[in-house]
Amino acid sequence: MEDALQALRKEVAGWLARNLPPRPAFKLPQSFLEVESQEQLDYLRDWQKKVYEAGYLGMAWPAEYGGRGLPPEHQDVVNEELARVKAPFMFNTIGLFWAGPTILRLGTEAQKQRYIKGILSGDDIWCQGFSEPDHGSDLGNAQTRARRQGDSYLIEGRKIWTTLGHFAKYMILLARTNPEAPNKYAGLSFFLAPMDAPGITVRPIRKITGEYGFNEVTFDAARIPADTLVGEEGQGWQVAMAVLAFERGVERGQAGGMVSFPLTVADVAALARQVHRDGHPAIEDPLIADRLVQFFIEERAFRANMARAHHERLLTPSRPFAPMFMGKLYGSELMKRLADFAVTIQGANAPLYLGEPSAIEGGEWQRSAMNAYGATIGGGTTEVQHNIIGERLLGLPKG
Amino acid sequence: MEDALQALRKEVAGWLARNLPPRPAFKLPQSFLEVESQEQLDYLRDWQKKVYEAGYLGMAWPAEYGGRGLPPEHQDVVNEELARVKAPFMFNTIGLFWAGPTILRLGTEAQKQRYIKGILSGDDIWCQGFSEPDHGSDLGNAQTRARRQGDSYLIEGRKIWTTLGHFAKYMILLARTNPEAPNKYAGLSFFLAPMDAPGITVRPIRKITGEYGFNEVTFDAARIPADTLVGEEGQGWQVAMAVLAFERGVERGQAGGMVSFPLTVADVAALARQVHRDGHPAIEDPLIADRLVQFFIEERAFRANMARAHHERLLTPSRPFAPMFMGKLYGSELMKRLADFAVTIQGANAPLYLGEPSAIEGGEWQRSAMNAYGATIGGGTTEVQHNIIGERLLGLPKG
Amino acid sequence: MSQPLIQWNDEQAMLADAAWDFVRAKFPMETVRRLLESRDGFEHATWQEMGAMGWLGIALPEAYGGSGLGLGSLACIMEAMGQHLCATPFLPSTLAMQAILAAGSAAQRQALLPDLASGQRIATVAFTEPHGSWELRQLDTVATMAKDGYVLQGTKRFVLDYAAADVVVVSAQCQDMPALFAVEKAAFATASSRREIVTDETRRCYELKLDGVCVDSACRLLGGDISQAMRHLELAGAFLMAADLVGAANGAFELTLDYAKTRKQFGHPIGSYQAIKHPLVDAMMGIELGRALVYHAATFLDASEDRQAEVAVRMAKAHANDIMAFMADRAVQFHGGMGFTYDCHAALFYRHSMWARHTYGDAIHHRRHLAPLVL
Amino acid sequence: MSQPLIQWNDEQAMLADAAWDFVRAKFPMETVRRLLESRDGFEHATWQEMGAMGWLGIALPEAYGGSGLGLGSLACIMEAMGQHLCATPFLPSTLAMQAILAAGSAAQRQALLPDLASGQRIATVAFTEPHGSWELRQLDTVATMAKDGYVLQGTKRFVLDYAAADVVVVSAQCQDMPALFAVEKAAFATASSRREIVTDETRRCYELKLDGVCVDSACRLLGGDISQAMRHLELAGAFLMAADLVGAANGAFELTLDYAKTRKQFGHPIGSYQAIKHPLVDAMMGIELGRALVYHAATFLDASEDRQAEVAVRMAKAHANDIMAFMADRAVQFHGGMGFTYDCHAALFYRHSMWARHTYGDAIHHRRHLAPLVL
């Protein structure tokens, strides 16, 4: 296989050299969390489609649904090449990374036939309806109701932080079918809800960066078909947990590509060489250099730790899934600290922001520093992640 | 008063110049937590007595019990002068700082007459019986029993971390007089127990530093007089809280002097000038210098914050007692970090320890780093302190 | 040191009380939000009131319409304004007045200071340059002597409240020496200025392109040692911003503390969880220490402008930066999904932090200067 | 880099399994406690077993009785020994063998290595000096040529397991060049040695005063580039200690995790409180990252001794130091009053930490060397 992968790497590199799109004149989002405008969407959708049509997306997904059925190492090689050239991220993130693998694992044959290909091509955009205004990290408490009525369910309630909600065709929806269930988890069900159902209203929410990209979605007796249910009624919590395992990288099966522009320590080091502080390049300050070295160590450790997942004998026997479990928690916090540091070293010019002509690197680092909270808060806050890992991986008692 | 204080400062400085004892040939304890030997005790007791007889201890305590009845600023001046010359600490700490002020506030007239003077002179050594093997920071759960029998109480149970227990004449003892009380706190009582009562056994415990100084005390039907009760039966929790307020510095009223050899950032900076790392004085390493500057800022801030306690208008209205409340928590953690840093900068010689002729400054910093846990664990751990401050000072709900 | 670490008199205490009352009354969060959209970012009526109360002249001698209380007394005003994210030209106008006081001739002081102290006119400073150094004596802007005056060439950044200002104090290199010019705004008719986009939308920063602007010789401040004056201005700026930052950190703290008491997750107020409670205690301690350092700096700054004052000011700014960075971060994080929205007040504090921490020196900068002073 | 970050073969994996089994069986905590009081700090029978299993020659070529697996393969052995605080002369003897291998002539290698690889004889290194520098080429000890040999003058510190050793590799400055001597212990009859008191009572460190000791010319290692060999020894030492530290951090972690699950306060196991739970999660993450860095360093060290290997080793040691410092501190603190006692195993890890972190470079040292390599 090594030879095949080597050949693939070369092939992809060549393809990218010919097909990588130029950066557009308009501002690009840093991740799928902040697609605001139609022109941003079109650009990103075109790119995803191009990659898919070239055969470089969903390579490990089954061929009968639109994938290529190859071993996952092939997709890994493509992902590395995409990252190397800093290609645009795969905007249909919720479909490609979370909903898709969940449908492949737990959906019916009909659901796989209906949804998977559109996820890969980018024709069908997906959003996620998990969090509610009163229950952010506390998913088990979701109060949005789904009442069975013949061949439909009537949905009533509100979901929040719905990324891509204003463009989405489908939503993975966690709703309560049985408020009288013996425990709160057993009352939940999981749907692949069409977003064009009457009674669904999407209200945009402005982010700390000043940009848009996510929404509040209100369901006012919205009727969705009953065959959008995944698994049985009452199994919603289990399905949602499967989604979260993909979302947090605890399990693999994602279609491929990147979810955001990757920030690297090398980028920040390059910035530190450019930026001057009190008359000298920032990197000449021993304190800044040392901080950069610390980030280098963390970044390398993080990557080596993920690489270790392939070496069963090198995993800690009492916690073999530690590298995957900690990926979201550690990675999101590292990125936040790194972006914040990249702002800090800009010295007196650090307050200059997006849209300011003299902002250093266009103010993108400031934007990154703020956007970083999307990952330390979304998908289970850092605080909740600590609980989950402490309890599930380390076996510490619940508080 | 300013003039009187100025004069006092001069007087004390002169007295100290004449009377400060030379450092003995044997190893001195760093604080009252580790008085191991009779020669250490004699040296420290002689010093305390000398200071007391010169009129420099308990200056603000009432004259009728052995104090001088002066405004507390007088004692403050003396304390500053003692610290300035790095005089030995006041070994009878539990009496001078915790038990004494509690007796003065809550004891009977007879108790004040009986106990206060011996505390000041050092003739009567005090220890504290609060923690139990199964209930360290969880004082309210104390299980040591006290049963009334005529004019006595019979004590049954175990206390732990009893500093000076092997030398003490008296113990401030928290014991349960009523296991059936409506709540666990209401069943506790507070005693001034004589340590020579039959049925009391003192077993020394070795510390992480390798030294001795505290003990486990077992009460096997030990009989103590009933008039050693402070307050009423069932008021033990309130009395213990008063003790802790003095212990944690939340309230003032301590006799005076210091409880340990003070570690200062200036000492560590001096060390960093001496110690070489990779061929250069440690202080020339910009990272070490910056860390020292950070410690300087913290130390200055800590002192300025305490000084602020005198300026009502400068306190934060919503939390006027913040400086006092945070003193124990912040101070103990700061000292621990500082001592650890002082070890770290010693480079390859950092592992050399007490008793090793080539150890840097006799290995005292290593000893300090370990002893520092006495303060971050004893008297309510740092974790418990966070809860207390979060709940009492900030009004956050209990967990 | 034998001097008390903190001294504070009754006059200062009364001033502090008045400042807190005023700011609380004038700057509820709705007002702060409303002002985000306005041109000047502040209400001129509020400014007039501050002038009428005598606050603008606190650090000026009585001879110039001030009350001679000293710079240190401004700590509580800046702190209160920081806590409530109030934007007024208080900072730039104060620094401009300090520049004129320190470097101007008696005539220049007399001509300019009384109107600024009363609030009738507003001043600002054009010190910072594109190179971003906080060392005010590092100057790319050049002043060349010409007939009847000087020609200024260069670019200034972060000129606060330029649009509202009547007088601008500009720094420039003149014959290999730093120089200060107090210029009437009218003289900048030929300069190009534009508002800069900064993270902190409560502030109004401007870029000022001095492309051959001519100023009258009389504008040059000639009353004192310019190098000394600039050192004073660096410390004054750092001191005022330290007070602002400690106030802002406390504002973010109070906001988050309230939220932690009311917001429930998993059936309990989030403030009952130690993952929220303990960092809030740490933040509170850091803020208290910050307040102590600010008052300590105030005490030493008013006592004398010696090395000790410099030490105290730099300590205060370094610490204030760090605690604000910590608290702004925790404020966003602990508000959860809400904290990630533009409409959450945590966002205002976070964005203010990015501006304030990098104005008049960040923590690394000040600690670097402290090392030779304290070690 | 196109090279995989971590590579590990089946032989290495089997070795790792064997190492963990052996150490678990041989070093329960009671044994560790008992050995604290012993003269040598280890049992010679255990050492013989390690020799018999071939562990001592893992990093030696087969020609000298080794198995040629490379230094990287020692990671798991050091890690297992670190986790259980096992003291054997594995570290000093391995470093001595590496010195002889890197700097000795073929004849010297052949004469010394097979007996050391089999465990029949024990070697140690006398590199560190009172000045405490971790740069091995910084030498105050001097070797002067004399009739038939060299006279050594100087003081060595932290000579591990000197009392048990048969051969000592000594570094000294000789005619302005660093030199290494592999000396039979008998030659030190005139030297004065004494056991040093160190915080870590599981280790045996000695001071060696070389007050005119004469060694035979044949002792001087003359087979390779001495400077290069010393650079290799610095990295080898740092690498082995990094593995030890990550293991020890995990040992302290497991100890504390168990305690957190069983010890109750306020009616609940202390591990149910976030103030304990969350830092334990952070510690676990740091330890996992540390293991990854150690295996990464092992991979690169065996691939080639280039700049990348140096980067990987220094990263591993810097990180291992930091995570051990964190974990040793938390282990003591989270054991509460018990943690403050000599009899609590947390104390052993804490005291080991003080030794191990400062052996072959602390975090500041390695990061300083990394800056020019990675930035």
# chains A, B, ... in the order shown; residues from 1 in each chain; ligands from 1

$ closest_atom_pairs --of "region 80-194 of chain A" --to "region 266-279 of chain C" --cutoff "12 Å" --atoms "only C-alpha atoms" --output "tab-separated table"
residue	atom	partner	partner_atom	distance
A:Asp134	CA	C:Phe266	CA	10.2
A:His135	CA	C:Phe266	CA	8.0
A:Gly136	CA	C:Phe266	CA	9.6
A:Ser137	CA	C:Phe266	CA	8.4
A:Asp138	CA	C:Phe266	CA	5.7
A:Leu139	CA	C:Phe266	CA	9.0
A:Gly140	CA	C:Phe266	CA	8.6
A:Asn141	CA	C:Phe266	CA	7.7
A:Ala142	CA	C:Phe266	CA	10.9
A:Lys184	CA	C:Phe266	CA	11.6

$ write_last_selection --atoms "C-alpha atoms" --output "PDB file, in the first residue's frame"
ATOM      1  CA  ASP A 134     -31.629  27.094  28.028  1.00  0.00           C
ATOM      2  CA  HIS A 135     -29.533  23.970  27.613  1.00  0.00           C
ATOM      3  CA  GLY A 136     -26.217  24.610  25.947  1.00  0.00           C
ATOM      4  CA  SER A 137     -23.875  21.871  26.995  1.00  0.00           C
ATOM      5  CA  ASP A 138     -26.701  20.028  28.759  1.00  0.00           C
ATOM      6  CA  LEU A 139     -28.018  18.159  25.711  1.00  0.00           C
ATOM      7  CA  GLY A 140     -29.818  15.495  27.719  1.00  0.00           C
ATOM      8  CA  ASN A 141     -32.204  18.201  28.841  1.00  0.00           C
ATOM      9  CA  ALA A 142     -33.358  19.169  25.309  1.00  0.00           C
ATOM     10  CA  LYS A 184     -34.664  12.197  30.433  1.00  0.00           C
TER      11      LYS A 184
END

$ interface_residues --of "chain D" --to "chain A" --cutoff "8 Å" --atoms "only C-alpha atoms" --output "PyMOL selection string"
chain D and resi 5-6+8+13+257+260-261+269+271-274+277-278+280-281+285+288-293+296+315+319+367-368+370-371+374-375

$ residues_around --residues "Lys50 (chain B)" --least-positions-apart "6" --cutoff "9 Å" --atoms "only C-alpha atoms" --output "list in words"
Asn19, Tyr56 and Ser121 of chain B

$ select_by_dssp --residues "region 109-189 of chain B" --states "alpha helix (DSSP H)" --output "PyMOL selection string"
chain B and resi 109-121

$ write_last_selection --atoms "N, CA and C atoms" --output "short mmCIF file (atom, residue, chain, number, x, y, z; two decimals), in the first residue's frame"
data_model
loop_
_atom_site.label_atom_id
_atom_site.label_comp_id
_atom_site.auth_asym_id
_atom_site.auth_seq_id
_atom_site.Cartn_x
_atom_site.Cartn_y
_atom_site.Cartn_z
N GLU B 109 -13.60 34.58 82.22
CA GLU B 109 -12.60 35.38 82.93
C GLU B 109 -11.53 34.45 83.52
N ALA B 110 -11.99 33.34 84.10
CA ALA B 110 -11.04 32.40 84.71
C ALA B 110 -10.11 31.84 83.65
N GLN B 111 -10.64 31.52 82.49
CA GLN B 111 -9.80 30.97 81.43
C GLN B 111 -8.75 31.99 80.98
N LYS B 112 -9.18 33.23 80.84
CA LYS B 112 -8.22 34.27 80.45
C LYS B 112 -7.09 34.37 81.48
N GLN B 113 -7.49 34.36 82.74
CA GLN B 113 -6.49 34.46 83.81
C GLN B 113 -5.53 33.27 83.77
N ARG B 114 -6.09 32.11 83.51
CA ARG B 114 -5.29 30.90 83.60
C ARG B 114 -4.32 30.72 82.42
N TYR B 115 -4.76 31.09 81.20
CA TYR B 115 -4.00 30.65 80.03
C TYR B 115 -3.15 31.72 79.32
N ILE B 116 -3.60 32.97 79.35
CA ILE B 116 -3.00 33.95 78.43
C ILE B 116 -1.53 34.21 78.71
N LYS B 117 -1.21 34.40 79.95
CA LYS B 117 0.18 34.77 80.27
C LYS B 117 1.17 33.68 79.84
N GLY B 118 0.81 32.44 80.10
CA GLY B 118 1.70 31.33 79.73
C GLY B 118 1.89 31.20 78.22
N ILE B 119 0.88 31.62 77.48
CA ILE B 119 1.01 31.64 76.01
C ILE B 119 2.09 32.64 75.62
N LEU B 120 2.00 33.84 76.21
CA LEU B 120 2.93 34.91 75.84
C LEU B 120 4.36 34.59 76.27
N SER B 121 4.50 34.05 77.46
CA SER B 121 5.86 33.79 77.96
C SER B 121 6.47 32.56 77.29
#

$ atom_distance --atom1 "CA of Met258 (chain A)" --atom2 "CA of Asn79 (chain A)"
7.0 Å

$ residues_around --residues "Thr256 (chain D)" --least-positions-apart "3" --cutoff "9 Å" --atoms "only C-alpha atoms" --output "list in words"
Gly251, Ala252, Phe253, Tyr259, Ala260, Lys261, Leu280, Arg330, Ala331, Val332, Phe334, His335 and Ala346 of chain D

$ residues_around --residues "Ala87 (chain D)" --least-positions-apart "4" --cutoff "10 Å" --atoms "only C-alpha atoms" --output "PDB file with N, CA and C atoms, in the first residue's frame"
ATOM      1  N   PHE D  27       9.225  -4.509  41.417  1.00  0.00           N
ATOM      2  CA  PHE D  27       9.297  -3.255  42.182  1.00  0.00           C
ATOM      3  C   PHE D  27       7.954  -2.794  42.744  1.00  0.00           C
ATOM      4  N   VAL D  32      10.535  -0.666  46.856  1.00  0.00           N
ATOM      5  CA  VAL D  32      11.133   0.666  46.681  1.00  0.00           C
ATOM      6  C   VAL D  32      11.428   1.277  48.041  1.00  0.00           C
ATOM      7  N   LEU D  35      14.380  -0.457  49.709  1.00  0.00           N
ATOM      8  CA  LEU D  35      15.676  -0.122  49.107  1.00  0.00           C
ATOM      9  C   LEU D  35      16.170   1.268  49.512  1.00  0.00           C
ATOM     10  N   LEU D  36      15.256   2.134  49.953  1.00  0.00           N
ATOM     11  CA  LEU D  36      15.683   3.472  50.385  1.00  0.00           C
ATOM     12  C   LEU D  36      16.784   3.373  51.427  1.00  0.00           C
ATOM     13  N   ASP D  40      23.345   0.284  48.358  1.00  0.00           N
ATOM     14  CA  ASP D  40      23.442   0.517  46.925  1.00  0.00           C
ATOM     15  C   ASP D  40      22.141   0.991  46.288  1.00  0.00           C
ATOM     16  N   GLY D  41      21.032   0.814  46.992  1.00  0.00           N
ATOM     17  CA  GLY D  41      19.765   1.290  46.441  1.00  0.00           C
ATOM     18  C   GLY D  41      19.149   0.350  45.427  1.00  0.00           C
ATOM     19  N   PHE D  42      19.819  -0.744  45.129  1.00  0.00           N
ATOM     20  CA  PHE D  42      19.235  -1.725  44.207  1.00  0.00           C
ATOM     21  C   PHE D  42      19.712  -3.114  44.615  1.00  0.00           C
ATOM     22  N   GLU D  43      19.060  -4.127  44.060  1.00  0.00           N
ATOM     23  CA  GLU D  43      19.456  -5.490  44.368  1.00  0.00           C
ATOM     24  C   GLU D  43      20.282  -6.032  43.222  1.00  0.00           C
ATOM     25  N   MET D  81      10.672   1.935  34.452  1.00  0.00           N
ATOM     26  CA  MET D  81      11.434   2.105  35.688  1.00  0.00           C
ATOM     27  C   MET D  81      11.050   3.419  36.372  1.00  0.00           C
ATOM     28  N   GLY D  82      10.814   4.444  35.575  1.00  0.00           N
ATOM     29  CA  GLY D  82      10.394   5.728  36.145  1.00  0.00           C
ATOM     30  C   GLY D  82       9.043   5.608  36.841  1.00  0.00           C
ATOM     31  N   LEU D  91      20.738   3.619  34.076  1.00  0.00           N
ATOM     32  CA  LEU D  91      21.077   4.908  33.450  1.00  0.00           C
ATOM     33  C   LEU D  91      22.593   5.130  33.377  1.00  0.00           C
ATOM     34  N   ASP D 161      25.623   5.634  41.439  1.00  0.00           N
ATOM     35  CA  ASP D 161      25.971   4.244  41.759  1.00  0.00           C
ATOM     36  C   ASP D 161      27.482   4.009  41.756  1.00  0.00           C
ATOM     37  N   GLU D 201      15.744   9.801  47.614  1.00  0.00           N
ATOM     38  CA  GLU D 201      16.432   8.736  48.349  1.00  0.00           C
ATOM     39  C   GLU D 201      16.422   7.403  47.613  1.00  0.00           C
ATOM     40  N   THR D 202      15.784   7.361  46.438  1.00  0.00           N
ATOM     41  CA  THR D 202      15.884   6.126  45.645  1.00  0.00           C
ATOM     42  C   THR D 202      17.190   6.100  44.859  1.00  0.00           C
ATOM     43  N   ARG D 203      17.899   7.211  44.788  1.00  0.00           N
ATOM     44  CA  ARG D 203      19.135   7.284  43.988  1.00  0.00           C
ATOM     45  C   ARG D 203      20.362   7.300  44.893  1.00  0.00           C
ATOM     46  N   ARG D 204      21.476   6.872  44.322  1.00  0.00           N
ATOM     47  CA  ARG D 204      22.761   6.926  45.028  1.00  0.00           C
ATOM     48  C   ARG D 204      23.701   7.788  44.206  1.00  0.00           C
TER      49      ARG D 204
END

$ residues_around --residues "Lys209 (chain C)" --least-positions-apart "6" --cutoff "9 Å" --atoms "only C-alpha atoms" --output "PyMOL selection string"
chain C and resi 153-157+191-194

$ select_by_dssp --residues "region 54-303 of chain C" --states "strand (DSSP E)" --output "ChimeraX atom specification"
/C:123-126,142-146,149-160,167-174,177-184,192-195,205-216,264-265,268-269

$ atom_distance --atom1 "CA of Leu74 (chain C)" --atom2 "CA of Val159 (chain C)"
21.0 Å

$ residues_around --residues "Ala347 (chain C)" --least-positions-apart "5" --cutoff "8 Å" --atoms "only C-alpha atoms" --output "PyMOL selection string"
(chain A and resi 208) or (chain C and resi 332+339-342)

$ write_last_selection --atoms "N, CA, C and O atoms" --output "compact mmCIF listing (two decimals), in the first residue's frame"
# COMPACT_ATOMS: atom_id res chain seq x y z
N ILE A 208 -19.19 37.24 18.27
CA ILE A 208 -18.28 38.16 18.95
C ILE A 208 -17.35 38.86 17.95
O ILE A 208 -16.95 40.00 18.15
N VAL C 332 -15.80 35.45 28.46
CA VAL C 332 -16.37 34.88 27.24
C VAL C 332 -16.66 33.39 27.45
O VAL C 332 -17.77 32.92 27.21
N GLY C 339 -21.64 33.83 25.32
CA GLY C 339 -20.39 34.57 25.34
C GLY C 339 -19.78 34.71 23.96
O GLY C 339 -18.93 35.58 23.72
N PHE C 340 -20.21 33.84 23.05
CA PHE C 340 -19.68 33.87 21.69
C PHE C 340 -20.45 34.84 20.81
O PHE C 340 -20.14 34.99 19.64
N THR C 341 -21.44 35.51 21.39
CA THR C 341 -22.25 36.43 20.57
C THR C 341 -21.81 37.88 20.76
O THR C 341 -21.31 38.27 21.81
N TYR C 342 -22.07 38.63 19.73
CA TYR C 342 -21.78 40.05 19.72
C TYR C 342 -22.60 40.79 20.76
O TYR C 342 -22.18 41.81 21.31

$ atom_distance --atom1 "CA of Pro92 (chain C)" --atom2 "CA of Glu11 (chain C)"
24.2 Å

$ closest_residue --among "A:Ile288, A:Ala282, A:Ser332, A:Gly363" --to "chain B" --atoms "only C-alpha atoms"
A:Ile288

$ closest_residue --among "B:Pro357, B:Gly347, B:Gly234, B:Pro62" --to "Ala186 (chain B)" --atoms "only C-alpha atoms"
B:Gly234

$ closest_residue --among "D:Lys185, D:His44, D:Arg34, D:His232" --to "Leu136 (chain D)" --atoms "only C-alpha atoms"
D:His232

$ decode --residues "region 184-191 of chain D" --atoms "all heavy atoms" --output "PDB file, in the first residue's frame"
ATOM      1  N   GLU D 184      39.207   1.905  35.493  1.00  0.00           N
ATOM      2  CA  GLU D 184      38.846   0.864  36.459  1.00  0.00           C
ATOM      3  C   GLU D 184      38.745   1.506  37.840  1.00  0.00           C
ATOM      4  O   GLU D 184      39.582   2.340  38.196  1.00  0.00           O
ATOM      5  CB  GLU D 184      39.934  -0.229  36.479  1.00  0.00           C
ATOM      6  CG  GLU D 184      40.021  -1.040  35.203  1.00  0.00           C
ATOM      7  CD  GLU D 184      38.772  -1.885  34.954  1.00  0.00           C
ATOM      8  OE1 GLU D 184      38.240  -2.503  35.924  1.00  0.00           O
ATOM      9  OE2 GLU D 184      38.313  -1.922  33.796  1.00  0.00           O
ATOM     10  N   LYS D 185      37.759   1.111  38.584  1.00  0.00           N
ATOM     11  CA  LYS D 185      37.531   1.738  39.881  1.00  0.00           C
ATOM     12  C   LYS D 185      38.769   1.674  40.773  1.00  0.00           C
ATOM     13  O   LYS D 185      39.032   2.598  41.573  1.00  0.00           O
ATOM     14  CB  LYS D 185      36.363   1.029  40.565  1.00  0.00           C
ATOM     15  CG  LYS D 185      36.059   1.540  41.948  1.00  0.00           C
ATOM     16  CD  LYS D 185      34.903   2.500  41.964  1.00  0.00           C
ATOM     17  CE  LYS D 185      34.042   2.302  43.191  1.00  0.00           C
ATOM     18  NZ  LYS D 185      33.306   1.053  43.163  1.00  0.00           N
ATOM     19  N   ALA D 186      39.530   0.604  40.642  1.00  0.00           N
ATOM     20  CA  ALA D 186      40.712   0.438  41.488  1.00  0.00           C
ATOM     21  C   ALA D 186      41.647   1.642  41.403  1.00  0.00           C
ATOM     22  O   ALA D 186      42.316   2.002  42.378  1.00  0.00           O
ATOM     23  CB  ALA D 186      41.459  -0.827  41.084  1.00  0.00           C
ATOM     24  N   ALA D 187      41.645   2.280  40.246  1.00  0.00           N
ATOM     25  CA  ALA D 187      42.536   3.421  40.057  1.00  0.00           C
ATOM     26  C   ALA D 187      42.175   4.600  40.966  1.00  0.00           C
ATOM     27  O   ALA D 187      42.971   5.513  41.163  1.00  0.00           O
ATOM     28  CB  ALA D 187      42.514   3.858  38.593  1.00  0.00           C
ATOM     29  N   PHE D 188      40.920   4.592  41.459  1.00  0.00           N
ATOM     30  CA  PHE D 188      40.490   5.726  42.290  1.00  0.00           C
ATOM     31  C   PHE D 188      40.783   5.498  43.760  1.00  0.00           C
ATOM     32  O   PHE D 188      40.212   6.172  44.619  1.00  0.00           O
ATOM     33  CB  PHE D 188      38.993   5.978  42.102  1.00  0.00           C
ATOM     34  CG  PHE D 188      38.663   6.460  40.720  1.00  0.00           C
ATOM     35  CD1 PHE D 188      37.907   5.678  39.859  1.00  0.00           C
ATOM     36  CD2 PHE D 188      39.111   7.687  40.274  1.00  0.00           C
ATOM     37  CE1 PHE D 188      37.602   6.113  38.594  1.00  0.00           C
ATOM     38  CE2 PHE D 188      38.807   8.130  39.011  1.00  0.00           C
ATOM     39  CZ  PHE D 188      38.048   7.339  38.162  1.00  0.00           C
ATOM     40  N   ALA D 189      41.685   4.553  44.033  1.00  0.00           N
ATOM     41  CA  ALA D 189      41.988   4.262  45.436  1.00  0.00           C
ATOM     42  C   ALA D 189      42.401   5.529  46.171  1.00  0.00           C
ATOM     43  O   ALA D 189      42.040   5.745  47.331  1.00  0.00           O
ATOM     44  CB  ALA D 189      43.089   3.215  45.516  1.00  0.00           C
ATOM     45  N   THR D 190      43.077   6.393  45.471  1.00  0.00           N
ATOM     46  CA  THR D 190      43.557   7.606  46.136  1.00  0.00           C
ATOM     47  C   THR D 190      42.541   8.746  46.091  1.00  0.00           C
ATOM     48  O   THR D 190      42.740   9.782  46.718  1.00  0.00           O
ATOM     49  CB  THR D 190      44.859   8.095  45.468  1.00  0.00           C
ATOM     50  OG1 THR D 190      44.572   8.310  44.084  1.00  0.00           O
ATOM     51  CG2 THR D 190      45.955   7.061  45.610  1.00  0.00           C
ATOM     52  N   ALA D 191      41.475   8.555  45.337  1.00  0.00           N
ATOM     53  CA  ALA D 191      40.458   9.610  45.282  1.00  0.00           C
ATOM     54  C   ALA D 191      39.575   9.520  46.515  1.00  0.00           C
ATOM     55  O   ALA D 191      39.466   8.457  47.133  1.00  0.00           O
ATOM     56  CB  ALA D 191      39.595   9.439  44.035  1.00  0.00           C
TER      57      ALA D 191
END
